[in-house]
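Content type PDB, C-alpha atoms, from the file work-v6.pdb:
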```pdb
ATOM      1  CA  MET A   1     -91.803  82.294  33.548  1.00  0.00           C
ATOM      2  CA  LYS A   2     -91.368  84.251  36.774  1.00  0.00           C
ATOM      3  CA  ILE A   3     -89.025  87.161  36.160  1.00  0.00           C
ATOM      4  CA  SER A   4     -87.427  89.736  38.457  1.00  0.00           C
ATOM      5  CA  VAL A   5     -85.582  92.811  37.228  1.00  0.00           C
ATOM      6  CA  GLN A   6     -82.872  94.952  38.778  1.00  0.00           C
ATOM      7  CA  ILE A   7     -82.037  98.487  37.648  1.00  0.00           C
ATOM      8  CA  ASN A   8     -78.687 100.011  38.633  1.00  0.00           C
ATOM      9  CA  ALA A   9     -78.542 103.201  36.563  1.00  0.00           C
ATOM     10  CA  SER A  10     -80.227 106.584  36.828  1.00  0.00           C
ATOM     11  CA  PRO A  11     -83.009 107.478  34.372  1.00  0.00           C
ATOM     12  CA  TYR A  12     -82.456 109.852  31.403  1.00  0.00           C
ATOM     13  CA  GLN A  13     -78.659 109.754  31.669  1.00  0.00           C
ATOM     14  CA  HIS A  14     -78.538 106.031  30.903  1.00  0.00           C
ATOM     15  CA  GLN A  15     -80.628 103.814  28.714  1.00  0.00           C
ATOM     16  CA  ALA A  16     -81.025 101.109  31.366  1.00  0.00           C
ATOM     17  CA  ALA A  17     -84.417 102.308  32.649  1.00  0.00           C
ATOM     18  CA  ASP A  18     -85.814 102.543  29.102  1.00  0.00           C
ATOM     19  CA  THR A  19     -84.466  99.151  28.056  1.00  0.00           C
ATOM     20  CA  ALA A  20     -85.798  97.578  31.237  1.00  0.00           C
ATOM     21  CA  TRP A  21     -89.178  99.191  30.642  1.00  0.00           C
ATOM     22  CA  GLY A  22     -89.325  97.798  27.081  1.00  0.00           C
ATOM     23  CA  PHE A  23     -88.214  94.395  28.303  1.00  0.00           C
ATOM     24  CA  ILE A  24     -90.869  94.290  31.022  1.00  0.00           C
ATOM     25  CA  GLN A  25     -93.631  95.332  28.580  1.00  0.00           C
ATOM     26  CA  ALA A  26     -92.567  92.603  26.165  1.00  0.00           C
ATOM     27  CA  ALA A  27     -92.320  90.007  28.928  1.00  0.00           C
ATOM     28  CA  ILE A  28     -95.796  90.794  30.255  1.00  0.00           C
ATOM     29  CA  ALA A  29     -97.233  90.809  26.715  1.00  0.00           C
ATOM     30  CA  ALA A  30     -95.698  87.372  26.161  1.00  0.00           C
ATOM     31  CA  GLY A  31     -97.506  86.062  29.238  1.00  0.00           C
ATOM     32  CA  HIS A  32     -94.617  86.052  31.706  1.00  0.00           C
ATOM     33  CA  GLU A  33     -94.957  87.247  35.258  1.00  0.00           C
ATOM     34  CA  VAL A  34     -92.741  90.185  36.191  1.00  0.00           C
ATOM     35  CA  TYR A  35     -92.705  89.789  39.904  1.00  0.00           C
ATOM     36  CA  ARG A  36     -90.493  92.590  41.177  1.00  0.00           C
ATOM     37  CA  VAL A  37     -88.304  95.480  40.004  1.00  0.00           C
ATOM     38  CA  PHE A  38     -85.463  96.249  42.397  1.00  0.00           C
ATOM     39  CA  PHE A  39     -83.843  99.687  42.150  1.00  0.00           C
ATOM     40  CA  TYR A  40     -80.201  99.764  43.254  1.00  0.00           C
ATOM     41  CA  HIS A  41     -77.263 102.180  43.032  1.00  0.00           C
ATOM     42  CA  ASP A  42     -78.250 105.288  40.997  1.00  0.00           C
ATOM     43  CA  GLY A  43     -81.263 103.280  39.843  1.00  0.00           C
ATOM     44  CA  VAL A  44     -83.048 104.637  42.922  1.00  0.00           C
ATOM     45  CA  TYR A  45     -83.504 107.946  41.056  1.00  0.00           C
ATOM     46  CA  ASN A  46     -86.152 106.141  38.990  1.00  0.00           C
ATOM     47  CA  ALA A  47     -88.326 106.575  42.077  1.00  0.00           C
ATOM     48  CA  ALA A  48     -87.740 110.310  42.617  1.00  0.00           C
ATOM     49  CA  ARG A  49     -91.152 111.848  43.345  1.00  0.00           C
ATOM     50  CA  ASP A  50     -90.043 115.351  42.357  1.00  0.00           C
ATOM     51  CA  SER A  51     -88.783 114.377  38.904  1.00  0.00           C
ATOM     52  CA  ARG A  52     -90.363 116.764  36.379  1.00  0.00           C
ATOM     53  CA  PRO A  53     -89.167 116.123  32.818  1.00  0.00           C
ATOM     54  CA  PRO A  54     -90.194 118.596  30.057  1.00  0.00           C
ATOM     55  CA  SER A  55     -93.762 117.908  28.901  1.00  0.00           C
ATOM     56  CA  ASP A  56     -92.688 116.594  25.485  1.00  0.00           C
ATOM     57  CA  GLU A  57     -90.428 113.922  27.071  1.00  0.00           C
ATOM     58  CA  ARG A  58     -91.299 110.532  28.475  1.00  0.00           C
ATOM     59  CA  ASP A  59     -91.970 110.603  32.220  1.00  0.00           C
ATOM     60  CA  ILE A  60     -89.910 107.670  33.427  1.00  0.00           C
ATOM     61  CA  VAL A  61     -90.932 107.897  37.094  1.00  0.00           C
ATOM     62  CA  LYS A  62     -94.643 108.091  36.286  1.00  0.00           C
ATOM     63  CA  ARG A  63     -94.222 105.181  33.877  1.00  0.00           C
ATOM     64  CA  TRP A  64     -93.042 102.965  36.758  1.00  0.00           C
ATOM     65  CA  SER A  65     -95.925 104.091  38.966  1.00  0.00           C
ATOM     66  CA  THR A  66     -98.310 103.091  36.162  1.00  0.00           C
ATOM     67  CA  LEU A  67     -96.683  99.664  35.967  1.00  0.00           C
ATOM     68  CA  ARG A  68     -97.529  99.158  39.625  1.00  0.00           C
ATOM     69  CA  VAL A  69    -101.176 100.120  39.080  1.00  0.00           C
ATOM     70  CA  GLU A  70    -101.719  98.211  35.829  1.00  0.00           C
ATOM     71  CA  HIS A  71     -99.713  95.035  36.409  1.00  0.00           C
ATOM     72  CA  ASN A  72     -99.183  94.987  40.171  1.00  0.00           C
ATOM     73  CA  VAL A  73     -95.408  94.804  39.813  1.00  0.00           C
ATOM     74  CA  ASP A  74     -93.629  95.200  43.156  1.00  0.00           C
ATOM     75  CA  LEU A  75     -91.389  98.294  42.858  1.00  0.00           C
ATOM     76  CA  VAL A  76     -88.710  98.093  45.542  1.00  0.00           C
ATOM     77  CA  VAL A  77     -86.119 100.786  46.224  1.00  0.00           C
ATOM     78  CA  CYS A  78     -82.994  99.800  48.150  1.00  0.00           C
ATOM     79  CA  VAL A  79     -82.983 101.660  51.448  1.00  0.00           C
ATOM     80  CA  SER A  80     -79.233 102.158  51.811  1.00  0.00           C
ATOM     81  CA  SER A  81     -78.772 103.250  48.171  1.00  0.00           C
ATOM     82  CA  ALA A  82     -81.695 105.680  48.548  1.00  0.00           C
ATOM     83  CA  GLN A  83     -80.526 107.185  51.812  1.00  0.00           C
ATOM     84  CA  ARG A  84     -77.035 107.655  50.432  1.00  0.00           C
ATOM     85  CA  ARG A  85     -78.565 109.703  47.623  1.00  0.00           C
ATOM     86  CA  GLY A  86     -81.033 111.754  49.634  1.00  0.00           C
ATOM     87  CA  LEU A  87     -84.204 109.868  48.694  1.00  0.00           C
ATOM     88  CA  LEU A  88     -85.914 109.384  52.036  1.00  0.00           C
ATOM     89  CA  GLU A  89     -89.296 107.763  52.601  1.00  0.00           C
ATOM     90  CA  THR A  90     -91.674 109.044  55.267  1.00  0.00           C
ATOM     91  CA  SER A  91     -90.515 107.001  58.251  1.00  0.00           C
ATOM     92  CA  VAL A  92     -86.931 108.142  57.790  1.00  0.00           C
ATOM     93  CA  ALA A  93     -87.738 111.619  56.474  1.00  0.00           C
ATOM     94  CA  LYS A  94     -89.702 112.471  59.618  1.00  0.00           C
ATOM     95  CA  LYS A  95     -86.568 112.029  61.673  1.00  0.00           C
ATOM     96  CA  VAL A  96     -84.595 114.431  59.532  1.00  0.00           C
ATOM     97  CA  ALA A  97     -85.931 117.964  59.705  1.00  0.00           C
ATOM     98  CA  GLY A  98     -86.828 119.571  56.391  1.00  0.00           C
ATOM     99  CA  TYR A  99     -87.211 116.349  54.396  1.00  0.00           C
ATOM    100  CA  GLU A 100     -90.417 114.998  52.937  1.00  0.00           C
ATOM    101  CA  HIS A 101     -91.385 111.693  51.405  1.00  0.00           C
ATOM    102  CA  ALA A 102     -89.167 111.459  48.337  1.00  0.00           C
ATOM    103  CA  LEU A 103     -90.523 108.327  46.622  1.00  0.00           C
ATOM    104  CA  ALA A 104     -93.175 108.485  43.907  1.00  0.00           C
ATOM    105  CA  ASP A 105     -96.464 106.566  44.211  1.00  0.00           C
ATOM    106  CA  GLY A 106     -96.253 102.807  43.870  1.00  0.00           C
ATOM    107  CA  PHE A 107     -92.665 102.480  45.102  1.00  0.00           C
ATOM    108  CA  ARG A 108     -91.712 101.045  48.455  1.00  0.00           C
ATOM    109  CA  ILE A 109     -88.432 101.067  50.274  1.00  0.00           C
ATOM    110  CA  ALA A 110     -86.767  97.917  51.577  1.00  0.00           C
ATOM    111  CA  GLY A 111     -83.472  96.150  52.090  1.00  0.00           C
ATOM    112  CA  LEU A 112     -81.390  93.706  50.112  1.00  0.00           C
ATOM    113  CA  GLY A 113     -83.401  90.836  51.630  1.00  0.00           C
ATOM    114  CA  LEU A 114     -86.134  91.525  49.080  1.00  0.00           C
ATOM    115  CA  LEU A 115     -83.567  91.396  46.271  1.00  0.00           C
ATOM    116  CA  MET A 116     -82.421  87.998  47.510  1.00  0.00           C
ATOM    117  CA  GLU A 117     -86.002  86.814  47.774  1.00  0.00           C
ATOM    118  CA  ALA A 118     -86.527  87.875  44.155  1.00  0.00           C
ATOM    119  CA  VAL A 119     -83.375  86.053  43.046  1.00  0.00           C
ATOM    120  CA  ILE A 120     -84.459  82.883  44.871  1.00  0.00           C
ATOM    121  CA  ASP A 121     -88.105  82.904  43.760  1.00  0.00           C
ATOM    122  CA  SER A 122     -87.658  83.941  40.125  1.00  0.00           C
ATOM    123  CA  ASP A 123     -86.809  81.724  37.201  1.00  0.00           C
ATOM    124  CA  ARG A 124     -84.747  84.587  35.797  1.00  0.00           C
ATOM    125  CA  HIS A 125     -83.234  87.691  37.405  1.00  0.00           C
ATOM    126  CA  ILE A 126     -82.110  90.294  34.899  1.00  0.00           C
ATOM    127  CA  THR A 127     -79.952  93.348  35.637  1.00  0.00           C
ATOM    128  CA  PHE A 128     -80.007  96.571  33.625  1.00  0.00           C
ATOM    129  CA  GLY A 129     -77.228  99.156  33.991  1.00  0.00           C
ATOM    130  CA  GLU A 130     -73.819  98.467  35.418  1.00  0.00           C
TER     131      GLU A 130
ATOM    132  CA  MET B 131     -70.367  66.385  50.297  1.00  0.00           C
ATOM    133  CA  ILE B 132     -73.229  64.199  49.061  1.00  0.00           C
ATOM    134  CA  LEU B 133     -75.355  65.447  51.934  1.00  0.00           C
ATOM    135  CA  ILE B 134     -74.673  69.041  50.914  1.00  0.00           C
ATOM    136  CA  VAL B 135     -75.634  68.220  47.318  1.00  0.00           C
ATOM    137  CA  ILE B 136     -78.867  66.586  48.485  1.00  0.00           C
ATOM    138  CA  LEU B 137     -79.678  69.524  50.762  1.00  0.00           C
ATOM    139  CA  ARG B 138     -79.084  71.884  47.869  1.00  0.00           C
ATOM    140  CA  LEU B 139     -81.433  69.878  45.663  1.00  0.00           C
ATOM    141  CA  VAL B 140     -84.130  69.735  48.330  1.00  0.00           C
ATOM    142  CA  ASN B 141     -83.934  73.434  49.101  1.00  0.00           C
ATOM    143  CA  LYS B 142     -83.313  74.321  45.457  1.00  0.00           C
ATOM    144  CA  LEU B 143     -80.423  76.455  46.653  1.00  0.00           C
ATOM    145  CA  LYS B 144     -79.058  78.522  43.862  1.00  0.00           C
ATOM    146  CA  THR B 145     -75.436  79.210  43.064  1.00  0.00           C
ATOM    147  CA  ILE B 146     -74.781  82.925  42.752  1.00  0.00           C
ATOM    148  CA  PHE B 147     -71.666  84.158  41.033  1.00  0.00           C
ATOM    149  CA  PHE B 148     -70.392  87.687  41.676  1.00  0.00           C
ATOM    150  CA  VAL B 149     -67.954  89.184  39.180  1.00  0.00           C
ATOM    151  CA  ILE B 150     -66.046  92.250  40.383  1.00  0.00           C
ATOM    152  CA  ASP B 151     -64.096  93.862  37.546  1.00  0.00           C
ATOM    153  CA  LYS B 152     -63.911  97.528  38.573  1.00  0.00           C
ATOM    154  CA  PRO B 153     -61.546  99.317  40.978  1.00  0.00           C
ATOM    155  CA  ILE B 154     -63.145  99.138  44.384  1.00  0.00           C
ATOM    156  CA  HIS B 155     -62.694 102.752  45.445  1.00  0.00           C
ATOM    157  CA  GLY B 156     -63.556 104.364  42.095  1.00  0.00           C
ATOM    158  CA  ASN B 157     -67.257 104.242  42.852  1.00  0.00           C
ATOM    159  CA  VAL B 158     -69.630 102.724  45.352  1.00  0.00           C
ATOM    160  CA  CYS B 159     -70.605  99.840  43.012  1.00  0.00           C
ATOM    161  CA  SER B 160     -68.217  97.149  44.184  1.00  0.00           C
ATOM    162  CA  GLN B 161     -68.894  97.910  47.829  1.00  0.00           C
ATOM    163  CA  GLU B 162     -72.649  97.841  47.392  1.00  0.00           C
ATOM    164  CA  PHE B 163     -72.366  94.589  45.460  1.00  0.00           C
ATOM    165  CA  LEU B 164     -70.226  93.008  48.162  1.00  0.00           C
ATOM    166  CA  ASP B 165     -73.187  93.815  50.427  1.00  0.00           C
ATOM    167  CA  ILE B 166     -75.355  91.692  48.107  1.00  0.00           C
ATOM    168  CA  ALA B 167     -72.828  88.853  48.294  1.00  0.00           C
ATOM    169  CA  LEU B 168     -72.975  88.885  52.099  1.00  0.00           C
ATOM    170  CA  MET B 169     -76.767  89.035  51.983  1.00  0.00           C
ATOM    171  CA  ALA B 170     -76.888  86.087  49.572  1.00  0.00           C
ATOM    172  CA  ALA B 171     -74.715  84.084  51.942  1.00  0.00           C
ATOM    173  CA  ALA B 172     -76.965  85.062  54.849  1.00  0.00           C
ATOM    174  CA  PHE B 173     -79.811  83.532  52.811  1.00  0.00           C
ATOM    175  CA  ASP B 174     -77.775  80.285  52.667  1.00  0.00           C
ATOM    176  CA  LEU B 175     -77.188  80.574  48.938  1.00  0.00           C
ATOM    177  CA  HIS B 176     -74.027  79.148  47.424  1.00  0.00           C
ATOM    178  CA  VAL B 177     -71.888  82.206  46.728  1.00  0.00           C
ATOM    179  CA  ILE B 178     -68.795  82.425  44.532  1.00  0.00           C
ATOM    180  CA  VAL B 179     -66.923  85.722  44.166  1.00  0.00           C
ATOM    181  CA  LEU B 180     -64.626  86.360  41.211  1.00  0.00           C
ATOM    182  CA  PHE B 181     -62.197  89.264  40.889  1.00  0.00           C
ATOM    183  CA  GLU B 182     -60.966  90.075  37.403  1.00  0.00           C
ATOM    184  CA  GLY B 183     -59.691  93.019  35.363  1.00  0.00           C
ATOM    185  CA  ASP B 184     -59.121  96.165  37.450  1.00  0.00           C
ATOM    186  CA  GLY B 185     -61.159  94.515  40.211  1.00  0.00           C
ATOM    187  CA  VAL B 186     -58.155  92.430  41.342  1.00  0.00           C
ATOM    188  CA  ASN B 187     -56.644  95.548  42.938  1.00  0.00           C
ATOM    189  CA  ALA B 188     -59.428  95.496  45.505  1.00  0.00           C
ATOM    190  CA  LEU B 189     -57.705  92.533  47.142  1.00  0.00           C
ATOM    191  CA  LEU B 190     -54.391  94.280  47.798  1.00  0.00           C
ATOM    192  CA  LYS B 191     -53.108  94.720  51.345  1.00  0.00           C
ATOM    193  CA  ASN B 192     -52.104  98.060  52.854  1.00  0.00           C
ATOM    194  CA  GLN B 193     -54.624 100.265  51.089  1.00  0.00           C
ATOM    195  CA  GLN B 194     -55.223 103.723  52.503  1.00  0.00           C
ATOM    196  CA  PRO B 195     -58.646 104.840  51.275  1.00  0.00           C
ATOM    197  CA  GLU B 196     -58.857 107.159  54.327  1.00  0.00           C
ATOM    198  CA  THR B 197     -56.632 109.586  52.436  1.00  0.00           C
ATOM    199  CA  LEU B 198     -59.544 109.993  49.989  1.00  0.00           C
ATOM    200  CA  GLY B 199     -62.098 110.125  52.787  1.00  0.00           C
ATOM    201  CA  LEU B 200     -63.286 106.602  51.935  1.00  0.00           C
ATOM    202  CA  LYS B 201     -63.892 103.512  54.064  1.00  0.00           C
ATOM    203  CA  GLN B 202     -61.634 100.448  54.189  1.00  0.00           C
ATOM    204  CA  VAL B 203     -62.965  97.539  52.137  1.00  0.00           C
ATOM    205  CA  SER B 204     -60.608  94.953  53.639  1.00  0.00           C
ATOM    206  CA  PRO B 205     -62.898  94.284  56.664  1.00  0.00           C
ATOM    207  CA  VAL B 206     -65.714  93.370  54.252  1.00  0.00           C
ATOM    208  CA  LEU B 207     -63.353  91.057  52.356  1.00  0.00           C
ATOM    209  CA  SER B 208     -62.293  89.443  55.631  1.00  0.00           C
ATOM    210  CA  ALA B 209     -65.977  89.029  56.524  1.00  0.00           C
ATOM    211  CA  LEU B 210     -66.570  86.848  53.439  1.00  0.00           C
ATOM    212  CA  SER B 211     -65.211  83.744  55.203  1.00  0.00           C
ATOM    213  CA  ILE B 212     -67.292  84.500  58.320  1.00  0.00           C
ATOM    214  CA  TYR B 213     -70.320  84.338  56.017  1.00  0.00           C
ATOM    215  CA  ASP B 214     -69.072  80.983  54.662  1.00  0.00           C
ATOM    216  CA  ILE B 215     -68.038  82.490  51.352  1.00  0.00           C
ATOM    217  CA  ASN B 216     -64.850  80.520  50.833  1.00  0.00           C
ATOM    218  CA  GLU B 217     -64.795  80.377  47.063  1.00  0.00           C
ATOM    219  CA  VAL B 218     -62.966  83.559  46.138  1.00  0.00           C
ATOM    220  CA  LEU B 219     -61.541  83.300  42.648  1.00  0.00           C
ATOM    221  CA  VAL B 220     -59.111  85.561  40.825  1.00  0.00           C
ATOM    222  CA  GLU B 221     -58.626  85.438  37.093  1.00  0.00           C
ATOM    223  CA  LYS B 222     -55.018  84.391  36.501  1.00  0.00           C
ATOM    224  CA  GLU B 223     -54.515  86.614  33.438  1.00  0.00           C
ATOM    225  CA  SER B 224     -55.759  89.753  35.234  1.00  0.00           C
ATOM    226  CA  MET B 225     -53.414  89.069  38.123  1.00  0.00           C
ATOM    227  CA  GLU B 226     -50.503  88.700  35.715  1.00  0.00           C
ATOM    228  CA  LEU B 227     -51.454  91.884  33.900  1.00  0.00           C
ATOM    229  CA  TRP B 228     -51.167  93.824  37.155  1.00  0.00           C
ATOM    230  CA  ARG B 229     -48.100  91.773  38.203  1.00  0.00           C
ATOM    231  CA  LEU B 230     -49.791  90.683  41.404  1.00  0.00           C
ATOM    232  CA  SER B 231     -49.619  87.428  43.340  1.00  0.00           C
ATOM    233  CA  PRO B 232     -51.975  85.922  45.957  1.00  0.00           C
ATOM    234  CA  GLU B 233     -49.442  86.648  48.775  1.00  0.00           C
ATOM    235  CA  GLN B 234     -50.169  90.357  48.305  1.00  0.00           C
ATOM    236  CA  PHE B 235     -53.866  89.886  48.999  1.00  0.00           C
ATOM    237  CA  VAL B 236     -55.792  90.361  52.257  1.00  0.00           C
ATOM    238  CA  ILE B 237     -57.636  87.031  51.895  1.00  0.00           C
ATOM    239  CA  PRO B 238     -56.784  83.609  50.471  1.00  0.00           C
ATOM    240  CA  VAL B 239     -57.854  83.274  46.840  1.00  0.00           C
ATOM    241  CA  THR B 240     -57.852  80.642  44.121  1.00  0.00           C
ATOM    242  CA  SER B 241     -56.206  81.615  40.860  1.00  0.00           C
ATOM    243  CA  VAL B 242     -58.191  80.357  37.851  1.00  0.00           C
ATOM    244  CA  PRO B 243     -57.230  80.687  34.168  1.00  0.00           C
ATOM    245  CA  ARG B 244     -59.735  82.479  31.917  1.00  0.00           C
ATOM    246  CA  VAL B 245     -60.572  79.343  29.915  1.00  0.00           C
ATOM    247  CA  GLU B 246     -61.803  77.552  33.018  1.00  0.00           C
ATOM    248  CA  LEU B 247     -63.903  80.460  34.236  1.00  0.00           C
ATOM    249  CA  SER B 248     -66.514  80.212  31.502  1.00  0.00           C
ATOM    250  CA  GLN B 249     -67.267  76.670  32.631  1.00  0.00           C
ATOM    251  CA  GLN B 250     -67.757  77.862  36.222  1.00  0.00           C
ATOM    252  CA  LEU B 251     -69.925  80.776  35.096  1.00  0.00           C
ATOM    253  CA  ASN B 252     -72.103  78.433  33.067  1.00  0.00           C
ATOM    254  CA  SER B 253     -72.813  76.309  36.113  1.00  0.00           C
ATOM    255  CA  ALA B 254     -74.115  79.282  38.137  1.00  0.00           C
ATOM    256  CA  ASP B 255     -77.851  79.960  38.426  1.00  0.00           C
ATOM    257  CA  VAL B 256     -77.419  83.716  38.715  1.00  0.00           C
ATOM    258  CA  VAL B 257     -74.470  85.917  37.764  1.00  0.00           C
ATOM    259  CA  PHE B 258     -74.092  89.429  39.143  1.00  0.00           C
ATOM    260  CA  SER B 259     -71.510  91.403  37.224  1.00  0.00           C
ATOM    261  CA  PHE B 260     -70.452  94.945  37.956  1.00  0.00           C
TER     262      PHE B 260
END
```

Would you mind giving the structure from this file in structure tokens?
Amino acid sequence: MKISVQINASPYQHQAADTAWGFIQAAIAAGHEVYRVFFYHDGVYNAARDSRPPSDERDIVKRWSTLRVEHNVDLVVCVSSAQRRGLLETSVAKKVAGYEHALADGFRIAGLGLLMEAVIDSDRHITFGE
Amino acid sequence: MILIVILRLVNKLKTIFFVIDKPIHGNVCSQEFLDIALMAAAFDLHVIVLFEGDGVNALLKNQQPETLGLKQVSPVLSALSIYDINEVLVEKESMELWRLSPEQFVIPVTSVPRVELSQQLNSADVVFSF
């Protein structure tokens, strides 16, 4: 089954990112294709490059980057949600003095069109976090 | 009508159901999700929007979000019909709870009792709830 996932909540404060992570691992292990993860609302903080959790805690951001490398999952961050919250990627950051690329490796920034594409192309689209 | 059904089958157009159950100015959620609804319509998907619970207040006329430094949502609601989103449903029980009637709303809506909504939700391919 072709599956797309949407995450609406920030990491650490809410369980959504952890539940989604567990779900995606289980789905891939069961032979399903997880095609895209779309980060929306506060979910965009899952892509924060400068996130540095204490060393004895799970590194949620790095975990997503690994998912991209190991399973080629498309990690898409909503551009308007990200800009609202100060997470700018290079092309935008350059225009605003003092900002640098804010997204961790493996993430890309895009619009709601890619969310729609995921909804249309997937057999199931599952949202985590309200 | 039959032609539309055939076109839908050929293009495998999905029906997307949006459930708005939170006050629209309390956070950015409802506004960002209305953006998804417009995007879905722009992708020619069949969009149905349902207001229930506290979400019904979003439809009220004469709101003054400017006093809180927020943007008006009514223009987005009025834009729904421009995007061919003409199925705007309101849960009858929620409307009664808030003692509201469709004449108080900025756009025309269809009042649907709770028992009939589950049937409609079941027929949707994707449900976004927030």

Please identify every residue of chain B that has at least one atom no farther than 12 Å from an atom of chain A, counting only C-alpha atoms, and for each give the shortest atom pair and the distance in Å to one decimal, arranged by chain then increasing number, as a tab-separated table.
```
residue	atom	partner	partner_atom	distance
B:Asn141	CA	A:Ile120	CA	10.4
B:Lys142	CA	A:Ile120	CA	8.7
B:Leu143	CA	A:Ile120	CA	7.8
B:Lys144	CA	A:Ile120	CA	7.0
B:Thr145	CA	A:Ile120	CA	9.9
B:Ile146	CA	A:Val119	CA	9.2
B:Val149	CA	A:Glu130	CA	11.6
B:Ile150	CA	A:Glu130	CA	11.1
B:Asp151	CA	A:Glu130	CA	11.0
B:Lys152	CA	A:Glu130	CA	10.4
B:Asn157	CA	A:His41	CA	10.2
B:Val158	CA	A:His41	CA	8.0
B:Cys159	CA	A:His41	CA	7.1
B:Ser160	CA	A:His41	CA	10.4
B:Gln161	CA	A:His41	CA	10.5
B:Glu162	CA	A:His41	CA	7.7
B:Phe163	CA	A:His41	CA	9.4
B:Leu164	CA	A:Leu112	CA	11.4
B:Asp165	CA	A:Leu112	CA	8.2
B:Ile166	CA	A:Leu112	CA	6.7
B:Ala167	CA	A:Met116	CA	9.7
B:Leu168	CA	A:Leu112	CA	9.9
B:Met169	CA	A:Leu112	CA	6.8
B:Ala170	CA	A:Met116	CA	6.2
B:Ala171	CA	A:Met116	CA	9.7
B:Ala172	CA	A:Gly113	CA	9.2
B:Phe173	CA	A:Met116	CA	7.4
B:Asp174	CA	A:Met116	CA	10.4
B:Leu175	CA	A:Ile120	CA	8.6
B:His176	CA	A:Ile120	CA	11.4
B:Asp255	CA	A:Arg124	CA	8.7
B:Val256	CA	A:His125	CA	7.2
B:Val257	CA	A:His125	CA	8.9
B:Phe258	CA	A:Thr127	CA	7.9
B:Ser259	CA	A:Glu130	CA	7.6
B:Phe260	CA	A:Glu130	CA	5.5
```

Requested in this report: List the residues selected by the PyMOL selection byres ((chain A and resi 51-68) around 9) in the file shown, writing them as an MDAnalysis selection string.
Outcome: chainID A and resid 11:12 17:18 21 45:50 69:75 104:107

File of the preceding selection, C-alpha atoms, as a short mmCIF file (atom, residue, chain, number, x, y, z; two decimals), keeping the file's coordinate frame:
```
data_model
loop_
_atom_site.label_atom_id
_atom_site.label_comp_id
_atom_site.auth_asym_id
_atom_site.auth_seq_id
_atom_site.Cartn_x
_atom_site.Cartn_y
_atom_site.Cartn_z
CA PRO A 11 -83.01 107.48 34.37
CA TYR A 12 -82.46 109.85 31.40
CA ALA A 17 -84.42 102.31 32.65
CA ASP A 18 -85.81 102.54 29.10
CA TRP A 21 -89.18 99.19 30.64
CA TYR A 45 -83.50 107.95 41.06
CA ASN A 46 -86.15 106.14 38.99
CA ALA A 47 -88.33 106.58 42.08
CA ALA A 48 -87.74 110.31 42.62
CA ARG A 49 -91.15 111.85 43.34
CA ASP A 50 -90.04 115.35 42.36
CA VAL A 69 -101.18 100.12 39.08
CA GLU A 70 -101.72 98.21 35.83
CA HIS A 71 -99.71 95.04 36.41
CA ASN A 72 -99.18 94.99 40.17
CA VAL A 73 -95.41 94.80 39.81
CA ASP A 74 -93.63 95.20 43.16
CA LEU A 75 -91.39 98.29 42.86
CA ALA A 104 -93.18 108.48 43.91
CA ASP A 105 -96.46 106.57 44.21
CA GLY A 106 -96.25 102.81 43.87
CA PHE A 107 -92.66 102.48 45.10
#
```

Query - Pick from B:Ser208, B:Ser231, B:Thr240, B:Ser224, whichever lies nearest to Val186 in chain B using only C-alpha atoms - result: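 So, comparing all the options, the nearest one is B:Ser224.
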
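Going from CA of Val218 in chain B to CA of Gln250 in chain B covers 12.4 Å.
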
Query raised in the report: Please, what distance in Å, to one decimal, runs between CA of Gln6 in chain A and CA of Leu103 in chain A?
Result: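 Value for the CA of Gln6 in chain A-CA of Leu103 in chain A distance: 17.3 Å.
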
Output as a PDB file, in the coordinates of the input: range 245-252 of chain B, completed with N, CA, C and O atoms.
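So result-v3.pdb came out as:
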```pdb
ATOM      1  N   VAL B 245     -59.849  80.410  30.638  1.00  0.00           N
ATOM      2  CA  VAL B 245     -60.572  79.343  29.915  1.00  0.00           C
ATOM      3  C   VAL B 245     -61.449  78.502  30.841  1.00  0.00           C
ATOM      4  O   VAL B 245     -62.488  77.993  30.427  1.00  0.00           O
ATOM      5  N   GLU B 246     -61.021  78.378  32.095  1.00  0.00           N
ATOM      6  CA  GLU B 246     -61.803  77.552  33.018  1.00  0.00           C
ATOM      7  C   GLU B 246     -62.955  78.320  33.647  1.00  0.00           C
ATOM      8  O   GLU B 246     -63.896  77.728  34.181  1.00  0.00           O
ATOM      9  N   LEU B 247     -62.869  79.651  33.583  1.00  0.00           N
ATOM     10  CA  LEU B 247     -63.903  80.460  34.236  1.00  0.00           C
ATOM     11  C   LEU B 247     -65.258  80.347  33.550  1.00  0.00           C
ATOM     12  O   LEU B 247     -66.289  80.315  34.201  1.00  0.00           O
ATOM     13  N   SER B 248     -65.237  80.260  32.218  1.00  0.00           N
ATOM     14  CA  SER B 248     -66.514  80.212  31.502  1.00  0.00           C
ATOM     15  C   SER B 248     -67.326  78.996  31.921  1.00  0.00           C
ATOM     16  O   SER B 248     -68.543  79.052  32.055  1.00  0.00           O
ATOM     17  N   GLN B 249     -66.612  77.900  32.172  1.00  0.00           N
ATOM     18  CA  GLN B 249     -67.267  76.670  32.631  1.00  0.00           C
ATOM     19  C   GLN B 249     -67.965  76.920  33.979  1.00  0.00           C
ATOM     20  O   GLN B 249     -69.124  76.554  34.174  1.00  0.00           O
ATOM     21  N   GLN B 250     -67.223  77.575  34.889  1.00  0.00           N
ATOM     22  CA  GLN B 250     -67.757  77.862  36.222  1.00  0.00           C
ATOM     23  C   GLN B 250     -68.955  78.802  36.124  1.00  0.00           C
ATOM     24  O   GLN B 250     -69.953  78.624  36.813  1.00  0.00           O
ATOM     25  N   LEU B 251     -68.835  79.812  35.252  1.00  0.00           N
ATOM     26  CA  LEU B 251     -69.925  80.776  35.096  1.00  0.00           C
ATOM     27  C   LEU B 251     -71.180  80.101  34.561  1.00  0.00           C
ATOM     28  O   LEU B 251     -72.287  80.391  34.972  1.00  0.00           O
ATOM     29  N   ASN B 252     -70.963  79.146  33.644  1.00  0.00           N
ATOM     30  CA  ASN B 252     -72.103  78.433  33.067  1.00  0.00           C
ATOM     31  C   ASN B 252     -72.867  77.640  34.105  1.00  0.00           C
ATOM     32  O   ASN B 252     -74.074  77.455  33.994  1.00  0.00           O
TER      33      ASN B 252
END
```
